[in-house]
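Containing CSV, C-alpha atoms: entry-v7.csv.
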```
chain,number,residue,atom,x,y,z
A,13,MET,CA,21.8,-3.1,13.4
A,14,THR,CA,19.5,-6.2,13.6
A,15,ALA,CA,19.1,-7.5,10.0
A,16,SER,CA,16.6,-10.3,10.7
A,17,LEU,CA,15.0,-12.3,13.4
A,18,PHE,CA,12.7,-15.2,14.0
A,19,ILE,CA,9.1,-14.1,14.1
A,20,PRO,CA,6.1,-16.4,15.0
A,21,THR,CA,3.8,-17.3,12.2
A,22,ASP,CA,0.0,-17.7,12.3
A,23,ASP,CA,0.3,-21.5,12.1
A,24,GLY,CA,2.4,-21.6,15.4
A,25,ALA,CA,5.8,-22.1,13.8
A,26,SER,CA,8.5,-19.5,13.4
A,27,HIS,CA,10.1,-17.8,10.4
A,28,MET,CA,13.2,-15.8,9.8
A,29,VAL,CA,12.2,-12.4,8.6
A,30,SER,CA,14.4,-9.5,7.4
A,31,ARG,CA,13.4,-6.3,9.0
A,32,ARG,CA,13.8,-4.7,5.6
A,33,ALA,CA,11.0,-6.9,4.1
A,34,ASN,CA,8.9,-3.8,5.0
A,35,ARG,CA,10.7,-0.6,4.4
A,36,LEU,CA,9.0,1.4,7.1
A,37,LEU,CA,10.1,-1.1,9.6
A,38,GLY,CA,13.6,-1.1,8.0
A,39,ALA,CA,13.8,2.6,8.7
A,40,LEU,CA,13.5,2.1,12.4
A,41,SER,CA,16.5,2.2,14.7
A,42,ALA,CA,17.7,-1.2,15.9
A,43,ARG,CA,16.5,-0.4,19.4
A,44,ASP,CA,13.0,0.6,18.3
A,45,PHE,CA,12.7,-2.4,16.0
A,46,GLU,CA,13.7,-4.7,18.9
A,47,VAL,CA,10.9,-3.2,21.0
A,48,LEU,CA,8.3,-4.2,18.3
A,49,ALA,CA,9.8,-7.6,17.3
A,50,PRO,CA,8.3,-9.7,20.2
A,51,HIS,CA,4.8,-8.6,19.2
A,52,LEU,CA,5.1,-9.0,15.4
A,53,GLU,CA,3.6,-12.0,13.7
A,54,LYS,CA,4.2,-13.2,10.1
A,55,ILE,CA,0.9,-13.9,8.3
A,56,ASP,CA,-0.1,-14.6,4.7
A,57,LEU,CA,-2.7,-12.3,3.2
A,58,PRO,CA,-4.6,-13.7,0.2
A,59,ARG,CA,-5.9,-11.4,-2.5
A,60,GLY,CA,-9.3,-10.2,-1.6
A,61,ARG,CA,-8.8,-10.4,2.2
A,62,VAL,CA,-10.7,-7.6,4.0
A,63,LEU,CA,-8.5,-6.3,6.8
A,64,PHE,CA,-11.2,-4.0,8.2
A,65,GLU,CA,-14.5,-2.5,7.3
A,66,PRO,CA,-15.9,1.0,7.9
A,67,GLY,CA,-16.7,1.4,11.6
A,68,ASP,CA,-14.5,-1.5,12.8
A,69,ASP,CA,-12.2,-0.9,15.7
A,70,VAL,CA,-8.7,-1.2,14.2
A,71,THR,CA,-7.0,-3.5,16.6
A,72,THR,CA,-4.3,-4.8,14.3
A,73,THR,CA,-1.7,-2.9,12.2
A,74,TYR,CA,-0.3,-4.7,9.1
A,75,PHE,CA,3.1,-4.1,7.5
A,76,PRO,CA,3.0,-5.5,3.9
A,77,CYS,CA,6.2,-7.3,2.8
A,78,PHE,CA,7.8,-7.8,-0.6
A,79,ARG,CA,5.0,-7.7,-3.3
A,80,THR,CA,2.0,-7.6,-1.0
A,81,MET,CA,-0.2,-4.6,-1.5
A,82,ALA,CA,-3.5,-3.4,-0.1
A,83,SER,CA,-5.9,-0.6,-1.0
A,84,LEU,CA,-7.9,1.8,1.2
A,85,LEU,CA,-11.4,2.0,-0.3
A,86,ILE,CA,-14.3,4.3,0.1
A,87,ALA,CA,-17.6,2.6,-0.5
A,88,THR,CA,-21.0,4.1,-1.2
A,89,ARG,CA,-24.4,2.9,-0.1
A,90,ASP,CA,-25.2,1.4,-3.6
A,91,GLY,CA,-22.1,-0.8,-3.4
A,92,ARG,CA,-19.7,1.2,-5.5
A,93,GLU,CA,-16.1,1.6,-4.4
A,94,VAL,CA,-13.2,3.8,-5.3
A,95,GLU,CA,-9.6,3.6,-4.0
A,96,ALA,CA,-8.3,6.4,-1.8
A,97,ALA,CA,-4.7,5.0,-1.2
A,98,THR,CA,-2.4,2.2,-2.2
A,99,ILE,CA,-0.1,0.7,0.5
A,100,GLY,CA,2.7,-1.7,-0.1
A,101,ARG,CA,6.0,-2.5,1.7
A,102,GLU,CA,6.8,1.2,2.0
A,103,GLY,CA,4.1,1.6,4.7
A,104,ALA,CA,1.5,0.2,7.1
A,105,ILE,CA,-2.2,-0.3,7.2
A,106,GLY,CA,-4.4,0.6,10.2
A,107,GLY,CA,-3.8,2.5,13.5
A,108,ILE,CA,-1.2,4.8,12.2
A,109,VAL,CA,-2.0,8.1,14.0
A,110,SER,CA,-5.0,7.6,16.3
A,111,GLU,CA,-4.9,6.6,19.9
A,112,GLY,CA,-7.5,4.8,22.0
A,113,ASN,CA,-10.6,3.9,20.0
A,114,LYS,CA,-9.7,3.6,16.3
A,115,PRO,CA,-12.8,3.2,14.1
A,116,ALA,CA,-12.0,2.8,10.4
A,117,PHE,CA,-13.6,5.2,8.0
A,118,GLY,CA,-13.0,3.1,4.9
A,119,ARG,CA,-12.4,-0.5,3.9
A,120,ALA,CA,-8.9,-2.1,3.6
A,121,VAL,CA,-8.6,-4.9,1.0
A,122,VAL,CA,-5.6,-6.9,-0.1
A,123,GLN,CA,-5.1,-6.4,-3.9
A,124,ILE,CA,-1.9,-8.4,-4.4
A,125,GLY,CA,-1.5,-11.3,-1.9
A,126,GLY,CA,1.6,-12.2,0.0
A,127,GLU,CA,3.3,-11.9,3.3
A,128,ALA,CA,2.8,-9.3,6.0
A,129,LEU,CA,3.9,-8.6,9.5
A,130,ALA,CA,1.0,-8.0,11.9
A,131,ILE,CA,1.1,-6.4,15.4
A,132,PRO,CA,-1.6,-5.4,17.9
A,133,THR,CA,-2.1,-1.7,17.4
A,134,SER,CA,-1.9,-1.2,21.2
A,135,HIS,CA,1.8,-2.3,21.1
A,136,LEU,CA,2.4,0.1,18.2
A,137,GLU,CA,0.9,3.0,20.3
A,138,ALA,CA,3.1,2.1,23.3
A,139,ALA,CA,6.2,2.2,21.1
A,140,LYS,CA,5.3,5.6,19.8
A,141,ILE,CA,5.0,6.9,23.3
A,142,GLY,CA,8.2,5.3,24.4
A,143,SER,CA,10.3,6.7,21.5
A,144,PRO,CA,10.0,10.2,20.1
A,145,ARG,CA,12.0,9.1,17.0
A,146,PHE,CA,9.6,6.2,16.4
A,147,GLY,CA,6.6,8.5,16.8
A,148,ASP,CA,8.1,11.1,14.4
A,149,LEU,CA,8.7,8.4,11.7
A,150,PHE,CA,5.0,7.3,11.9
A,151,SER,CA,3.7,10.9,12.0
A,152,ARG,CA,5.6,11.6,8.8
A,153,TYR,CA,4.3,8.5,7.2
A,154,ALA,CA,0.8,9.5,8.2
A,155,ASP,CA,1.3,12.8,6.5
A,156,SER,CA,2.5,11.1,3.3
A,157,LEU,CA,-0.6,8.8,3.3
A,158,LEU,CA,-2.9,11.8,3.7
A,159,ALA,CA,-1.2,13.5,0.8
A,160,GLN,CA,-1.8,10.5,-1.3
A,161,MET,CA,-5.5,10.5,-0.4
A,162,MET,CA,-5.8,14.3,-1.2
A,163,GLN,CA,-4.1,13.8,-4.5
A,164,SER,CA,-6.4,10.9,-5.4
A,165,VAL,CA,-9.4,13.2,-4.8
A,166,ALA,CA,-8.0,15.8,-7.3
A,167,CYS,CA,-7.0,13.0,-9.8
A,168,ASN,CA,-10.4,11.4,-9.8
A,169,ALA,CA,-12.1,14.8,-10.4
A,170,LEU,CA,-9.7,16.3,-13.0
A,171,HIS,CA,-8.0,13.6,-15.0
A,172,ASN,CA,-9.1,11.2,-17.7
A,173,ALA,CA,-9.3,7.4,-17.5
A,174,GLU,CA,-5.9,6.8,-19.2
A,175,GLU,CA,-4.0,9.3,-17.1
A,176,ARG,CA,-5.5,7.8,-13.9
A,177,ALA,CA,-4.8,4.2,-15.0
A,178,CYS,CA,-1.2,5.1,-15.8
A,179,ARG,CA,-0.8,6.7,-12.4
A,180,TRP,CA,-2.2,3.6,-10.7
A,181,LEU,CA,0.0,1.2,-12.7
A,182,LEU,CA,3.1,3.2,-11.9
A,183,ALA,CA,2.3,3.3,-8.1
A,184,THR,CA,1.6,-0.4,-8.1
A,185,HIS,CA,4.7,-1.2,-10.2
A,186,ASP,CA,6.8,0.6,-7.6
A,187,ARG,CA,5.4,-1.7,-4.9
A,188,ALA,CA,5.4,-4.9,-6.9
A,189,GLY,CA,9.2,-5.0,-7.1
A,190,ASP,CA,8.9,-6.6,-10.5
A,191,LYS,CA,7.9,-5.8,-14.1
A,192,THR,CA,4.7,-7.7,-13.7
A,193,ILE,CA,1.6,-6.6,-11.7
A,194,GLN,CA,-0.6,-9.5,-10.7
A,195,LEU,CA,-4.0,-7.9,-11.0
A,196,THR,CA,-7.0,-8.4,-13.2
A,197,GLN,CA,-8.6,-5.6,-15.3
A,198,GLU,CA,-11.8,-6.1,-13.3
A,199,ALA,CA,-9.9,-5.3,-10.1
A,200,LEU,CA,-8.2,-2.3,-11.7
A,201,ALA,CA,-11.6,-1.0,-12.8
A,202,GLU,CA,-12.9,-1.3,-9.2
A,203,MET,CA,-9.9,0.6,-7.9
A,204,LEU,CA,-10.4,3.4,-10.4
A,205,GLY,CA,-14.2,3.5,-10.0
A,206,LEU,CA,-14.5,2.9,-13.8
A,207,GLN,CA,-16.4,0.5,-16.0
A,208,ARG,CA,-14.5,-2.6,-16.9
A,209,THR,CA,-15.0,-1.9,-20.6
A,210,THR,CA,-13.4,1.5,-20.1
A,211,VAL,CA,-10.3,0.0,-18.5
A,212,THR,CA,-10.1,-2.7,-21.2
A,213,GLY,CA,-10.1,0.1,-23.8
A,214,VAL,CA,-7.4,2.0,-21.9
A,215,THR,CA,-5.1,-1.0,-21.4
A,216,THR,CA,-5.5,-2.1,-25.0
A,217,ALA,CA,-4.5,1.3,-26.2
A,218,LEU,CA,-1.5,1.3,-23.8
A,219,GLN,CA,-0.4,-2.1,-25.1
A,220,ALA,CA,-0.7,-0.9,-28.7
A,221,ARG,CA,1.7,1.9,-27.9
A,222,GLY,CA,4.2,-0.6,-26.5
A,223,LEU,CA,3.9,0.7,-22.9
A,224,ILE,CA,2.5,-2.5,-21.3
A,225,ARG,CA,1.6,-6.0,-22.1
A,226,ASN,CA,-1.7,-7.4,-21.0
A,227,PHE,CA,-1.9,-11.1,-19.9
A,228,ARG,CA,-4.5,-13.1,-18.1
A,229,GLY,CA,-4.6,-12.0,-14.5
A,230,GLY,CA,-2.0,-9.2,-14.8
A,231,VAL,CA,-0.1,-6.5,-16.6
A,232,GLU,CA,3.6,-6.3,-17.5
A,233,VAL,CA,5.3,-2.9,-17.7
A,234,ILE,CA,7.3,-2.7,-20.9
A,235,ASP,CA,8.2,1.0,-21.2
A,236,ARG,CA,8.3,2.6,-17.7
A,237,GLU,CA,9.4,6.0,-19.0
A,238,GLY,CA,6.6,6.1,-21.6
A,239,LEU,CA,4.1,5.1,-18.9
A,240,GLU,CA,5.3,8.0,-16.8
A,241,ARG,CA,4.8,10.4,-19.7
A,242,ALA,CA,1.3,9.2,-20.2
A,243,ALA,CA,0.3,9.6,-16.5
A,244,CYS,CA,-1.0,12.7,-15.0
A,245,GLU,CA,1.2,14.8,-12.6
A,246,CYS,CA,-0.4,13.2,-9.6
A,247,TYR,CA,2.0,10.2,-9.6
A,248,ARG,CA,5.1,12.3,-9.4
A,249,ALA,CA,3.6,14.8,-6.9
A,250,VAL,CA,2.8,12.0,-4.4
A,251,GLU,CA,6.2,10.2,-4.9
A,252,ASP,CA,8.2,13.5,-4.5
A,253,HIS,CA,6.3,14.4,-1.4
A,254,PHE,CA,7.0,10.9,0.1
A,255,ALA,CA,10.7,11.2,-0.7
A,256,ARG,CA,10.9,14.6,1.0
A,257,LEU,CA,9.1,13.4,4.1
A,258,LEU,CA,10.6,10.0,4.4
A,259,PRO,CA,14.1,10.0,2.7
A,260,GLU,CA,15.1,7.0,4.9
A,261,VAL,CA,12.2,4.9,3.4
A,262,ASP,CA,13.2,4.0,-0.1
A,263,VAL,CA,10.1,3.2,-2.2
```
Any chance you could give the structure as structure tokens?
Amino acid sequence: MTASLFIPTDDGASHMVSRRANRLLGALSARDFEVLAPHLEKIDLPRGRVLFEPGDDVTTTYFPCFRTMASLLIATRDGREVEAATIGREGAIGGIVSEGNKPAFGRAVVQIGGEALAIPTSHLEAAKIGSPRFGDLFSRYADSLLAQMMQSVACNALHNAEERACRWLLATHDRAGDKTIQLTQEALAEMLGLQRTTVTGVTTALQARGLIRNFRGGVEVIDREGLERAACECYRAVEDHFARLLPEVDV
């Protein structure tokens, strides 16, 4: 099975990339991955980069690598935003299930910057058609993404600020691959659709209980098990569903 290969970068050079830098790609068969490989490009995604806006034709699919993480956001006419899904190296952003014209419903924004592999969505669609196994993997991933969005709706409506913040910190901690989460409290408030003062109060209380440590520009998870106990059931429901649908993709 191909472990790594040289992939062109956005500056015209080439870079050796492990296929397991993104776990969804790592779950592909060697044959399916080799079909995609010539069309993949390694890019750097800075924090705050908008990958697409509502109504945009989604012509590029992004596979976050390592700690890179993006959010799918729903925006209202008055400028407020709330997160519908979090995507890291377990998945992909854009053009997952649709064929032909792919207008985006929400906004995709990079929350934790880093590397990603990008591919024209047209090549991804062709690979799905050419390999039933490939198409099945992405269909199951699309189902898990939909489940995350549905659970977010319930969570935002039914659970308090602390439970929601703990759920988000846990999901991000899974994708960060480290104890630290490089994200400001202002950004966390935007993701949760809360006032910054509310989030500051929540994170201060979690720190006082020894669950996290706040620092400038981020959060360190101190007591993972305690944070799970403080979170609502939404975190475990989404993770368990993902594990059942995609056992070959280890989050």
(message) Ranking A:Arg61, A:Gly107, A:Ala42, A:Glu175 by minimum distance to A:Lys140 and counting all atoms listed in the file, which one comes first?
(response) A:Gly107
(message) Counting only C-alpha atoms, which residues sit no farther than 12 Å from the position (-17.7, 5.5, -6.2) in the file's frame? I'd like them as a PyMOL selection string.
(response) chain A and resi 85-96+165+168-169+201-207
Convert the current residue selection to file output with C-alpha atoms, as a PDB file, in the coordinates of the input.
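Dumped everything to part-v2.pdb:
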```pdb
ATOM      1  CA  LEU A  85     -11.400   2.000  -0.300  1.00  0.00           C
ATOM      2  CA  ILE A  86     -14.300   4.300   0.100  1.00  0.00           C
ATOM      3  CA  ALA A  87     -17.600   2.600  -0.500  1.00  0.00           C
ATOM      4  CA  THR A  88     -21.000   4.100  -1.200  1.00  0.00           C
ATOM      5  CA  ARG A  89     -24.400   2.900  -0.100  1.00  0.00           C
ATOM      6  CA  ASP A  90     -25.200   1.400  -3.600  1.00  0.00           C
ATOM      7  CA  GLY A  91     -22.100  -0.800  -3.400  1.00  0.00           C
ATOM      8  CA  ARG A  92     -19.700   1.200  -5.500  1.00  0.00           C
ATOM      9  CA  GLU A  93     -16.100   1.600  -4.400  1.00  0.00           C
ATOM     10  CA  VAL A  94     -13.200   3.800  -5.300  1.00  0.00           C
ATOM     11  CA  GLU A  95      -9.600   3.600  -4.000  1.00  0.00           C
ATOM     12  CA  ALA A  96      -8.300   6.400  -1.800  1.00  0.00           C
ATOM     13  CA  VAL A 165      -9.400  13.200  -4.800  1.00  0.00           C
ATOM     14  CA  ASN A 168     -10.400  11.400  -9.800  1.00  0.00           C
ATOM     15  CA  ALA A 169     -12.100  14.800 -10.400  1.00  0.00           C
ATOM     16  CA  ALA A 201     -11.600  -1.000 -12.800  1.00  0.00           C
ATOM     17  CA  GLU A 202     -12.900  -1.300  -9.200  1.00  0.00           C
ATOM     18  CA  MET A 203      -9.900   0.600  -7.900  1.00  0.00           C
ATOM     19  CA  LEU A 204     -10.400   3.400 -10.400  1.00  0.00           C
ATOM     20  CA  GLY A 205     -14.200   3.500 -10.000  1.00  0.00           C
ATOM     21  CA  LEU A 206     -14.500   2.900 -13.800  1.00  0.00           C
ATOM     22  CA  GLN A 207     -16.400   0.500 -16.000  1.00  0.00           C
TER      23      GLN A 207
END
```
(message) Give me, as number ranges by chain, all polymer residues having an atom no more than 9 Å from A:Glu102, counting all atoms listed in the file and skipping those fewer than 4 positions away in the same chain.
(response) A: 34-37, 75-77, 187, 261-263
(request) Just the residues within 12 Å of A:Ala243, please, counting only C-alpha atoms, with nothing from its chain fewer than 4 positions along; format it as a count of residues only. (result) 23
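Counting all atoms listed in the file and comparing A:His185, A:His135, A:Arg59, A:Arg101, the residue that lies closest to A:Ala120 is A:Arg59.
For A:Ala116, the non-local neighbours within 12 Å, defined as residues at least 3 positions apart in the same chain or in other chains and counting only C-alpha atoms, are Leu63, Phe64, Glu65, Pro66, Gly67, Asp68, Asp69, Val70, Thr71, Thr72, Thr73, Leu84, Leu85, Ile86, Ile105, Gly106, Gly107, Ile108, Val109, Ser110, Asn113, Arg119 and Ala120 of chain A.
Proximity ranking of A:Arg241, A:Arg152, A:Arg145, A:Lys114 relative to A:Leu257 places A:Arg152 first, based on only C-alpha atoms.
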(message) Please compute the atom CA of A:Asp155-atom CA of A:Glu240 distance, one decimal, in Å.
(response)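 Calculated distance between atom CA of A:Asp155 and atom CA of A:Glu240 is 24.1 Å.
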(request) Would you please work out which residue, of A:Asp252, A:Gly103, A:Glu53, A:Ile234, is nearest to A:Ala220 when using all atoms listed in the file? (result)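 Of A:Asp252, A:Gly103, A:Glu53, A:Ile234, the one nearest A:Ala220 is A:Ile234, counting all atoms listed in the file.
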(request) Quote the spacing between atom CA of A:Gly213 and atom CA of A:Arg79 in Å to one decimal place. (result)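 For atom CA of A:Gly213 relative to atom CA of A:Arg79, the distance reads 26.6 Å.
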(message) Please compute the atom CA of A:Ile55-atom CA of A:Glu127 distance, one decimal, in Å.
(response) 5.9 Å
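Neighbouring residues of A:Lys191 at 10 Å or closer, counting all atoms listed in the file and skipping chain neighbours under 3 positions away, are His185, Asp186, Ala188, Gln194, Ile224, Val231, Glu232, Val233, Ile234, Asp235 and Arg236 of chain A.
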(request) Using all atoms listed in the file, pick whichever of A:Gln123, A:Thr192, A:Ser143, A:Thr80 has the shortest atom-to-atom distance to A:Ser41. (result)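 So, comparing all the options, the nearest one is A:Ser143.
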